[in-house]
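The structure appears below as structure tokens.
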Amino acid sequence: MYREGKPEGFYYLDHRTVDTKYNLITDVHITPGNIHDSIPYVGRLERQIERFGFNVEAVALDSGYLTNPICNELTERGIFAVMGHRRFHPTKGLMPKWKFRYDKKTDSYLCPEK
């Protein structure tokens, strides 16, 4: 596995699902460390619905699960989702776009550095 800021090596990821009403772990799934968090999610959700007969109305997920396939699947199932927002840090030396100002006269953007 290689992730920026993490040690290199052979690792695994532990994906857990917790029922918020009773604070019980309802599913644990282990994957190799190079598998993105979002890959096993829909399958694990489906397994819990089938195995336990859960009527899932809402889910809360961290920002690693904010992907188009997961959002689409949850929408199709009518499941309300609350997901963390991932904040990307700008590349050193570049400015975020919100710092630029639009000039209507010239139909251009003005750099904060002029």
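Identifiers for the structure tokens are assigned positionally: chains receive A, B, ... in sequence, residues are indexed from 1 per chain, and ligands are indexed from 1 in the order shown.
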Long-range neighbours of region 75-90 of chain A as a ChimeraX atom specification, 9 Å cut-off, only C-alpha atoms, 3 positions minimum in chain: /A:56-66,70-72,93-96
Apply DSSP to the structure's backbone, then extract all residues of chain A labelled strand (DSSP E or B) and return them as a PyMOL selection string. chain A and resi 12-19+24-32+58-61+80-83+101-103+108-110
Put those residues in a file: C-alpha atoms, as a PDB file, in the first residue's frame.
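Once everything was written out, this is part.pdb:
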```
ATOM      1  CA  TYR A  12      -5.431  -4.048   5.428  1.00  0.00           C
ATOM      2  CA  LEU A  13      -8.531  -1.920   5.973  1.00  0.00           C
ATOM      3  CA  ASP A  14     -11.286  -2.719   8.448  1.00  0.00           C
ATOM      4  CA  HIS A  15     -14.730  -1.505   7.321  1.00  0.00           C
ATOM      5  CA  ARG A  16     -17.316  -1.439  10.091  1.00  0.00           C
ATOM      6  CA  THR A  17     -20.994  -0.636  10.094  1.00  0.00           C
ATOM      7  CA  VAL A  18     -22.652   0.506  13.310  1.00  0.00           C
ATOM      8  CA  ASP A  19     -26.336   0.771  14.132  1.00  0.00           C
ATOM      9  CA  LEU A  24     -23.992  -2.185  17.839  1.00  0.00           C
ATOM     10  CA  ILE A  25     -21.507  -3.251  15.176  1.00  0.00           C
ATOM     11  CA  THR A  26     -23.630  -4.933  12.498  1.00  0.00           C
ATOM     12  CA  ASP A  27     -20.926  -5.704   9.940  1.00  0.00           C
ATOM     13  CA  VAL A  28     -17.145  -6.001   9.726  1.00  0.00           C
ATOM     14  CA  HIS A  29     -15.371  -6.469   6.418  1.00  0.00           C
ATOM     15  CA  ILE A  30     -11.618  -6.650   5.798  1.00  0.00           C
ATOM     16  CA  THR A  31      -9.973  -5.627   2.507  1.00  0.00           C
ATOM     17  CA  PRO A  32      -6.394  -5.157   1.334  1.00  0.00           C
ATOM     18  CA  ALA A  58     -30.724   6.768   6.432  1.00  0.00           C
ATOM     19  CA  VAL A  59     -26.945   6.333   6.550  1.00  0.00           C
ATOM     20  CA  ALA A  60     -24.082   8.498   7.798  1.00  0.00           C
ATOM     21  CA  LEU A  61     -20.762   8.090   5.997  1.00  0.00           C
ATOM     22  CA  PHE A  80     -31.216   9.456   2.969  1.00  0.00           C
ATOM     23  CA  ALA A  81     -27.460   9.965   3.284  1.00  0.00           C
ATOM     24  CA  VAL A  82     -25.306  12.332   5.307  1.00  0.00           C
ATOM     25  CA  MET A  83     -21.700  12.340   4.126  1.00  0.00           C
ATOM     26  CA  ARG A 101     -12.550  38.558  -8.736  1.00  0.00           C
ATOM     27  CA  TYR A 102     -14.680  38.746 -11.849  1.00  0.00           C
ATOM     28  CA  ASP A 103     -14.514  42.017 -13.809  1.00  0.00           C
ATOM     29  CA  SER A 108     -12.195  38.454 -17.152  1.00  0.00           C
ATOM     30  CA  TYR A 109     -10.984  37.402 -13.731  1.00  0.00           C
ATOM     31  CA  LEU A 110      -8.560  39.502 -11.727  1.00  0.00           C
TER      32      LEU A 110
END
```
Give me every helix (DSSP H, G or I) residue in region 4-67 of chain A, going by DSSP on the backbone, as a PyMOL selection string. chain A and resi 41-52+63-65
Mind giving me the straight-line distance from CA of Phe10 (chain A) to CA of Asn34 (chain A) in Å, one decimal?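 Rounded to one decimal, the two atoms are 9.0 Å apart.
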Under the rule that only C-alpha atoms are counted, which of A:Lys105, A:Lys99, A:Pro69, A:Lys114 is the nearest residue to Pro40 (chain A)?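 The answer is A:Pro69, which sits nearest to Pro40 (chain A).
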Atomic distance CA of Lys21 (chain A) - CA of Arg51 (chain A), expressed in Å with one decimal: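 Calculated distance between CA of Lys21 (chain A) and CA of Arg51 (chain A) is 18.3 Å.
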